[in-house]
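Coordinates as given in work_22.txt (compact mmCIF, C-alpha atoms):
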```txt
# COMPACT_ATOMS: atom_id res chain seq x y z
CA MET A 1 -8.23 2.78 7.18
CA PHE A 2 -7.06 -0.07 4.99
CA LEU A 3 -8.63 -0.61 1.56
CA SER A 4 -8.69 -4.09 0.02
CA ILE A 5 -9.58 -4.30 -3.66
CA ASP A 6 -10.56 -7.75 -4.91
CA ALA A 7 -10.93 -7.67 -8.70
CA GLY A 8 -12.73 -10.85 -9.70
CA ASN A 9 -14.41 -12.11 -12.83
CA SER A 10 -17.89 -10.92 -11.78
CA ASN A 11 -17.28 -8.05 -9.36
CA ILE A 12 -14.62 -5.64 -8.19
CA VAL A 13 -15.03 -5.36 -4.42
CA PHE A 14 -13.72 -2.37 -2.48
CA SER A 15 -13.67 -3.21 1.25
CA LEU A 16 -12.73 -0.86 4.09
CA PHE A 17 -11.04 -2.09 7.27
CA ASP A 18 -11.24 0.24 10.26
CA GLU A 19 -8.05 -0.40 12.23
CA ALA A 20 -9.42 1.43 15.28
CA GLU A 21 -12.39 -0.96 15.41
CA ASN A 22 -10.37 -3.93 14.07
CA ALA A 23 -13.24 -4.75 11.74
CA TRP A 24 -14.38 -4.66 8.12
CA THR A 25 -16.96 -1.91 8.02
CA ASN A 26 -18.15 -1.14 4.47
CA GLU A 27 -17.86 -2.47 0.94
CA LEU A 28 -18.62 -1.35 -2.60
CA ARG A 29 -19.26 -3.79 -5.46
CA ILE A 30 -18.82 -2.78 -9.10
CA ASN A 31 -19.57 -5.12 -11.99
CA THR A 32 -16.37 -6.27 -13.66
CA GLN A 33 -16.02 -4.81 -17.15
CA LYS A 34 -12.90 -5.16 -19.27
CA ASN A 35 -13.42 -1.60 -20.58
CA LEU A 36 -13.84 -0.06 -17.11
CA THR A 37 -12.72 3.59 -17.13
CA LEU A 38 -11.19 5.91 -14.56
CA ALA A 39 -14.26 8.14 -14.88
CA SER A 40 -16.61 5.27 -14.04
CA LEU A 41 -14.51 4.21 -11.05
CA ASP A 42 -14.34 7.81 -9.88
CA GLN A 43 -18.13 8.15 -10.09
CA HIS A 44 -18.93 4.94 -8.18
CA THR A 45 -16.23 5.31 -5.55
CA GLY A 46 -16.78 9.04 -5.08
CA LEU A 47 -20.48 8.46 -4.35
CA PHE A 48 -19.60 5.57 -2.01
CA PHE A 49 -17.28 7.74 0.09
CA LEU A 50 -19.71 10.64 -0.01
CA GLU A 51 -22.53 8.46 1.35
CA LEU A 52 -20.23 7.21 4.13
CA GLY A 53 -19.18 10.75 4.97
CA LEU A 54 -15.54 9.71 4.57
CA SER A 55 -12.68 11.51 2.91
CA PRO A 56 -10.51 9.37 0.59
CA SER A 57 -7.54 10.67 2.60
CA LYS A 58 -8.68 8.40 5.47
CA VAL A 59 -7.36 5.45 3.46
CA THR A 60 -3.76 4.90 4.55
CA GLN A 61 -2.89 1.73 2.65
CA ILE A 62 -4.29 -0.20 -0.32
CA GLY A 63 -3.91 -3.85 -1.29
CA LEU A 64 -5.02 -5.15 -4.70
CA SER A 65 -5.72 -8.72 -5.76
CA SER A 66 -6.73 -9.14 -9.38
CA VAL A 67 -7.55 -12.13 -11.56
CA VAL A 68 -8.39 -9.77 -14.44
CA PRO A 69 -4.97 -8.54 -15.67
CA GLU A 70 -6.55 -6.15 -18.19
CA LEU A 71 -7.84 -4.04 -15.30
CA ASN A 72 -4.63 -3.81 -13.27
CA ALA A 73 -3.28 -0.61 -14.81
CA THR A 74 -6.69 1.08 -14.62
CA LEU A 75 -7.18 0.16 -10.96
CA GLN A 76 -3.65 1.18 -9.98
CA GLY A 77 -4.00 4.48 -11.85
CA PHE A 78 -7.33 5.13 -10.18
CA CYS A 79 -5.92 4.54 -6.69
CA LYS A 80 -3.09 6.98 -7.37
CA LYS A 81 -5.53 9.61 -8.65
CA PHE A 82 -8.43 9.18 -6.19
CA PHE A 83 -6.60 8.26 -2.98
CA GLY A 84 -3.19 9.75 -3.74
CA LYS A 85 -1.59 6.40 -2.86
CA GLU A 86 -0.07 3.46 -4.70
CA ALA A 87 -2.01 0.20 -4.55
CA TYR A 88 0.14 -2.82 -3.71
CA LEU A 89 -0.56 -5.41 -6.42
CA ILE A 90 -0.25 -8.96 -5.07
CA LYS A 91 1.81 -11.22 -7.33
CA GLY A 92 4.05 -14.29 -7.18
CA LYS A 93 6.92 -12.69 -5.31
CA SER A 94 4.53 -11.44 -2.61
CA TYR A 95 4.54 -14.88 -0.94
CA ARG A 96 8.27 -15.23 -0.26
CA ASN A 97 8.18 -14.22 3.41
CA LEU A 98 4.69 -15.39 4.34
CA PRO A 99 3.63 -18.31 6.56
CA ILE A 100 1.89 -19.75 3.47
CA ASN A 101 3.59 -20.62 0.20
CA THR A 102 3.15 -22.40 -3.12
CA LYS A 103 5.45 -24.13 -5.56
CA LYS A 104 3.76 -22.33 -8.47
CA PRO A 105 3.30 -18.72 -7.28
CA ASP A 106 2.60 -17.33 -10.75
CA GLU A 107 -0.07 -19.91 -11.56
CA ILE A 108 -2.23 -19.71 -8.44
CA GLY A 109 -4.73 -16.84 -8.36
CA SER A 110 -3.92 -14.13 -5.83
CA ASP A 111 -7.48 -14.42 -4.50
CA LEU A 112 -6.86 -18.07 -3.62
CA MET A 113 -3.57 -17.21 -1.94
CA ALA A 114 -5.35 -14.48 0.00
CA ASN A 115 -7.92 -17.04 1.14
CA ALA A 116 -5.15 -19.38 2.23
CA MET A 117 -3.32 -16.62 4.09
CA ALA A 118 -6.39 -15.51 6.03
CA ALA A 119 -7.51 -19.04 6.91
CA PHE A 120 -4.03 -20.13 8.03
CA ALA A 121 -3.73 -16.99 10.15
CA VAL A 122 -6.85 -18.08 12.05
CA PHE A 123 -6.21 -21.81 12.50
CA HIS A 124 -2.41 -22.24 12.13
CA GLN A 125 -2.97 -25.72 10.74
CA ALA A 126 -4.05 -27.57 7.62
CA CYS A 127 -7.06 -25.92 5.96
CA ILE A 128 -9.46 -26.42 3.09
CA ILE A 129 -10.94 -23.14 1.86
CA VAL A 130 -14.16 -23.41 -0.15
CA ASP A 131 -14.83 -20.21 -2.09
CA PHE A 132 -18.34 -19.89 -3.54
CA GLY A 133 -17.70 -17.37 -6.31
CA THR A 134 -17.93 -17.23 -10.10
CA ALA A 135 -15.93 -20.43 -9.84
CA LEU A 136 -16.33 -22.81 -6.91
CA THR A 137 -12.80 -23.41 -5.66
CA PHE A 138 -11.22 -25.69 -3.06
CA THR A 139 -7.82 -24.51 -1.86
CA VAL A 140 -5.88 -27.00 0.24
CA VAL A 141 -3.09 -25.97 2.65
CA ASP A 142 -1.05 -28.37 4.79
CA ASN A 143 0.12 -27.96 8.38
CA ASN A 144 3.30 -26.20 7.20
CA GLY A 145 1.38 -23.54 5.26
CA GLN A 146 2.24 -25.09 1.90
CA LEU A 147 -0.53 -24.87 -0.68
CA ILE A 148 -0.72 -28.45 -1.90
CA GLY A 149 -3.59 -28.27 -4.36
CA VAL A 150 -6.58 -26.44 -5.83
CA ASN A 151 -9.78 -27.74 -7.40
CA ILE A 152 -11.91 -25.50 -9.62
CA VAL A 153 -15.45 -26.14 -10.87
CA PRO A 154 -18.11 -23.79 -12.26
CA GLY A 155 -19.74 -21.72 -9.53
CA ILE A 156 -23.41 -22.03 -8.59
CA LYS A 157 -24.51 -18.88 -10.45
CA THR A 158 -22.32 -19.82 -13.41
CA ALA A 159 -24.06 -23.20 -13.67
CA LEU A 160 -27.47 -21.60 -13.26
CA LYS A 161 -26.81 -19.05 -16.02
CA SER A 162 -25.45 -21.75 -18.32
CA LEU A 163 -28.60 -23.82 -17.81
CA ALA A 164 -30.86 -20.85 -18.65
CA MET A 165 -28.79 -19.79 -21.68
CA ASN A 166 -28.54 -23.24 -23.22
CA THR A 167 -32.12 -24.43 -22.82
CA ALA A 168 -35.28 -23.14 -24.47
CA LYS A 169 -37.72 -23.27 -21.58
CA LEU A 170 -35.71 -23.24 -18.35
CA PRO A 171 -35.52 -19.82 -16.67
CA GLU A 172 -32.83 -18.35 -14.43
CA VAL A 173 -34.30 -18.71 -10.93
CA LYS A 174 -33.70 -17.17 -7.53
CA LEU A 175 -31.16 -19.06 -5.44
CA GLU A 176 -33.20 -20.22 -2.45
CA MET A 177 -32.72 -23.60 -0.80
CA PRO A 178 -36.00 -25.53 -1.30
CA LYS A 179 -37.43 -27.60 1.55
CA SER A 180 -37.70 -30.68 -0.63
CA VAL A 181 -35.15 -32.27 -2.94
CA LEU A 182 -38.05 -33.37 -5.17
CA GLY A 183 -39.05 -30.57 -7.52
CA GLN A 184 -42.77 -29.78 -7.76
CA GLY A 185 -42.55 -27.30 -10.62
CA THR A 186 -39.98 -25.80 -12.97
CA VAL A 187 -38.54 -23.26 -10.53
CA HIS A 188 -38.50 -25.72 -7.63
CA SER A 189 -36.95 -28.40 -9.85
CA ILE A 190 -34.06 -26.13 -10.88
CA GLN A 191 -33.48 -24.94 -7.32
CA ALA A 192 -33.45 -28.49 -6.01
CA GLY A 193 -31.23 -29.76 -8.79
CA ILE A 194 -28.67 -26.98 -8.54
CA LEU A 195 -28.55 -26.48 -4.76
CA TYR A 196 -28.87 -30.08 -3.57
CA GLY A 197 -26.60 -31.08 -6.45
CA TYR A 198 -23.92 -28.64 -5.33
CA THR A 199 -24.36 -29.83 -1.75
CA GLY A 200 -23.41 -33.29 -2.95
CA LEU A 201 -20.54 -31.90 -5.02
CA VAL A 202 -19.04 -30.01 -2.08
CA ASN A 203 -19.49 -32.91 0.34
CA GLY A 204 -17.96 -35.33 -2.15
CA MET A 205 -14.99 -33.08 -2.90
CA LEU A 206 -14.27 -32.47 0.79
CA ASP A 207 -14.48 -36.20 1.54
CA ALA A 208 -12.13 -37.04 -1.34
CA ILE A 209 -9.55 -34.41 -0.29
CA ILE A 210 -9.61 -35.52 3.35
CA LYS A 211 -9.30 -39.19 2.38
CA GLU A 212 -6.33 -38.56 0.08
CA CYS A 213 -4.43 -36.17 2.33
CA GLU A 214 -5.17 -37.80 5.69
CA GLU A 215 -4.89 -34.43 7.47
CA ASN A 216 -6.97 -33.00 10.29
CA PHE A 217 -8.31 -30.07 8.26
CA SER A 218 -10.09 -26.95 9.40
CA ILE A 219 -12.66 -26.18 6.70
CA VAL A 220 -13.48 -22.57 5.86
CA ALA A 221 -16.18 -21.21 3.55
CA THR A 222 -16.18 -17.81 1.89
CA GLY A 223 -17.66 -16.04 -1.12
CA GLY A 224 -20.97 -14.37 -1.79
CA LEU A 225 -22.93 -17.65 -1.87
CA SER A 226 -21.26 -19.29 1.13
CA THR A 227 -24.44 -19.08 3.22
CA ILE A 228 -26.89 -20.26 0.54
CA LEU A 229 -26.25 -23.99 0.96
CA THR A 230 -27.64 -24.34 4.47
CA THR A 231 -27.27 -28.12 4.14
CA LEU A 232 -23.48 -27.66 4.32
CA GLN A 233 -23.09 -25.45 7.38
CA HIS A 234 -22.14 -28.39 9.62
CA ARG A 235 -19.08 -29.05 7.43
CA PHE A 236 -17.47 -25.66 8.07
CA ASN A 237 -15.42 -24.58 11.07
CA LEU A 238 -15.77 -21.00 9.88
CA VAL A 239 -17.90 -19.09 7.38
CA ASP A 240 -16.26 -15.74 6.67
CA PRO A 241 -17.46 -13.51 3.79
CA TYR A 242 -14.45 -11.23 4.39
CA LEU A 243 -11.82 -13.97 4.12
CA THR A 244 -10.41 -12.88 0.75
CA VAL A 245 -10.16 -9.18 1.59
CA GLU A 246 -8.62 -10.03 4.97
CA GLY A 247 -6.00 -12.13 3.17
CA ILE A 248 -5.29 -9.20 0.84
CA ARG A 249 -4.76 -7.00 3.89
CA LEU A 250 -2.43 -9.49 5.59
CA ILE A 251 -0.34 -10.09 2.45
CA THR A 252 -0.06 -6.37 1.74
CA LYS A 253 0.99 -5.54 5.30
CA ALA A 254 3.59 -8.30 5.23
CA ASN A 255 5.13 -6.82 2.08
CA GLN A 256 4.72 -3.09 2.43
CA LYS A 257 5.27 -0.67 5.28
CA ILE A 258 3.11 2.46 5.48
CA LYS A 259 5.10 5.42 4.24
CA SER A 260 4.99 8.40 6.57
```

Same coordinates, now as structure tokens:
Amino acid sequence: MFLSIDAGNSNIVFSLFDEAENAWTNELRINTQKNLTLASLDQHTGLFFLELGLSPSKVTQIGLSSVVPELNATLQGFCKKFFGKEAYLIKGKSYRNLPINTKKPDEIGSDLMANAMAAFAVFHQACIIVDFGTALTFTVVDNNGQLIGVNIVPGIKTALKSLAMNTAKLPEVKLEMPKSVLGQGTVHSIQAGILYGYTGLVNGMLDAIIKECEENFSIVATGGLSTILTTLQHRFNLVDPYLTVEGIRLITKANQKIKS
């Protein structure tokens, strides 16, 4: 089995790919904490594998994407201890022999490059990848696999938390798409404002990118909230919650052979 680890600003996601089934089968999410310890990782991951009835020795290869540098040494040390294997950490030089590339490999997040890799592997043409995470990102790849730009705005949950934290009477509400854009109460008003507002943001950003680049883009959505905005589903050629971890797998396999 292949293990992708995606260390983001909100969660560290451990995803298992069963090569016999050619499918992503299970995932574990741990809240991102800068002071995360080996003991805590061991506890969470040990229970996860125990519940699955899997031995850690079933993991044959590990790829790691991290946008939290403070956790890299801890995660790599944990993989060596728990799985008995080195985790391949994706970095700038990882893109040299890939079908996708960027002029600034050390400035683009490895999660965004993983998204680009996985999307380009599916469509083999220009792509826009919309990742609904802590940040809402738009990664743009041309027909040659060159990453030509990225846009970053606060994610939906980030905006929602900011609204609740910086106002006296507005609560943090459940993210459910309301039937009407016209709020009929506090909760409904926030849901309509945030979710219909982000619908307009995404539509406007996609339209602006397409107009400027004049490419025939395939548009891919990923991230934990990629299915929340039902008003946007017609814009996407593919919605894939496993896009990032699949990109981690593809980049790792392109750079590292399994040691016998």

*Go through A:Ile248, A:Ala254, A:Met177, A:Ala168 one by one, measure the shortest atom-to-atom distance of each to A:Phe2 using only C-alpha atoms, and give the residue with the smallest value.*
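Ranking A:Ile248, A:Ala254, A:Met177, A:Ala168 by distance to A:Phe2, first place goes to A:Ile248.
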
*Starting from the point (-12.9, 6.3, -12.5), work out which residues of protein, DNA or RNA have an atom no more than 6 Å away when counting only C-alpha atoms; state them as a VMD selection string.*
chain A and resid 37 to 42

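Nearest residue to A:Leu163 among A:Gly183, A:Gly193, A:Gly247, A:Gly223 is A:Gly193, counting only C-alpha atoms.
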
_Can you tell me which residues surround A:Ser94 at a distance of at most 12 Å, considering only C-alpha atoms, apart from same-chain residues fewer than 4 positions away, and format the answer as a PyMOL selection string?_
chain A and resi 63-65+88-90+98-102+105-106+110+113-114+117+248+250-256

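Minimum atom-to-atom distances from A:Gly145, A:Pro154, A:Gly133, A:Pro171 to A:Leu225 were compared using only C-alpha atoms, and the lowest value belongs to A:Gly133.
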
*Nearest to A:Ile62: which of A:Glu246, A:Thr186, A:Lys211, A:Gly149 is it, counting all atoms listed in the file?*
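Nearest to A:Ile62: A:Glu246.
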
_I need the residue nearest A:Thr137 from this list: A:Leu170, A:Leu160, A:Leu206, A:Leu71. Use all atoms listed in the file for the distance._
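Smallest distance to A:Thr137 is found for A:Leu206.
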
*Å distance separating atom CA of A:Gly155 from atom CA of A:Thr134, one decimal place*: 4.9 Å

Please provide as an mmCIF file with C-alpha atoms, in the frame of the given file all residues within 12 Å of A:Phe217, with the sequence filter that same-chain residues fewer than 5 positions apart are discarded (counting only C-alpha atoms).
```cif
data_model
loop_
_atom_site.group_PDB
_atom_site.id
_atom_site.type_symbol
_atom_site.label_atom_id
_atom_site.label_comp_id
_atom_site.auth_asym_id
_atom_site.auth_seq_id
_atom_site.Cartn_x
_atom_site.Cartn_y
_atom_site.Cartn_z
ATOM 1 C CA ALA A 119 -7.510 -19.040 6.910
ATOM 2 C CA PHE A 120 -4.030 -20.130 8.030
ATOM 3 C CA PHE A 123 -6.210 -21.810 12.500
ATOM 4 C CA HIS A 124 -2.410 -22.240 12.130
ATOM 5 C CA GLN A 125 -2.970 -25.720 10.740
ATOM 6 C CA ALA A 126 -4.050 -27.570 7.620
ATOM 7 C CA CYS A 127 -7.060 -25.920 5.960
ATOM 8 C CA ILE A 128 -9.460 -26.420 3.090
ATOM 9 C CA ILE A 129 -10.940 -23.140 1.860
ATOM 10 C CA THR A 139 -7.820 -24.510 -1.860
ATOM 11 C CA VAL A 140 -5.880 -27.000 0.240
ATOM 12 C CA VAL A 141 -3.090 -25.970 2.650
ATOM 13 C CA ASP A 142 -1.050 -28.370 4.790
ATOM 14 C CA ASN A 143 0.120 -27.960 8.380
ATOM 15 C CA LEU A 206 -14.270 -32.470 0.790
ATOM 16 C CA ASP A 207 -14.480 -36.200 1.540
ATOM 17 C CA ILE A 209 -9.550 -34.410 -0.290
ATOM 18 C CA ILE A 210 -9.610 -35.520 3.350
ATOM 19 C CA LYS A 211 -9.300 -39.190 2.380
ATOM 20 C CA GLU A 212 -6.330 -38.560 0.080
ATOM 21 C CA ARG A 235 -19.080 -29.050 7.430
ATOM 22 C CA PHE A 236 -17.470 -25.660 8.070
ATOM 23 C CA ASN A 237 -15.420 -24.580 11.070
ATOM 24 C CA LEU A 238 -15.770 -21.000 9.880
#
```

Let me have the centre and edge lengths in Å, one decimal, of the box along x, y and z around every listed atom of stretch 216-230 of chain A with 3 Å of margin on each side, as lines of an AutoDock Vina configuration file.
```
center_x = -17.3
center_y = -23.7
center_z = 4.2
size_x = 26.7
size_y = 24.6
size_z = 18.2
```
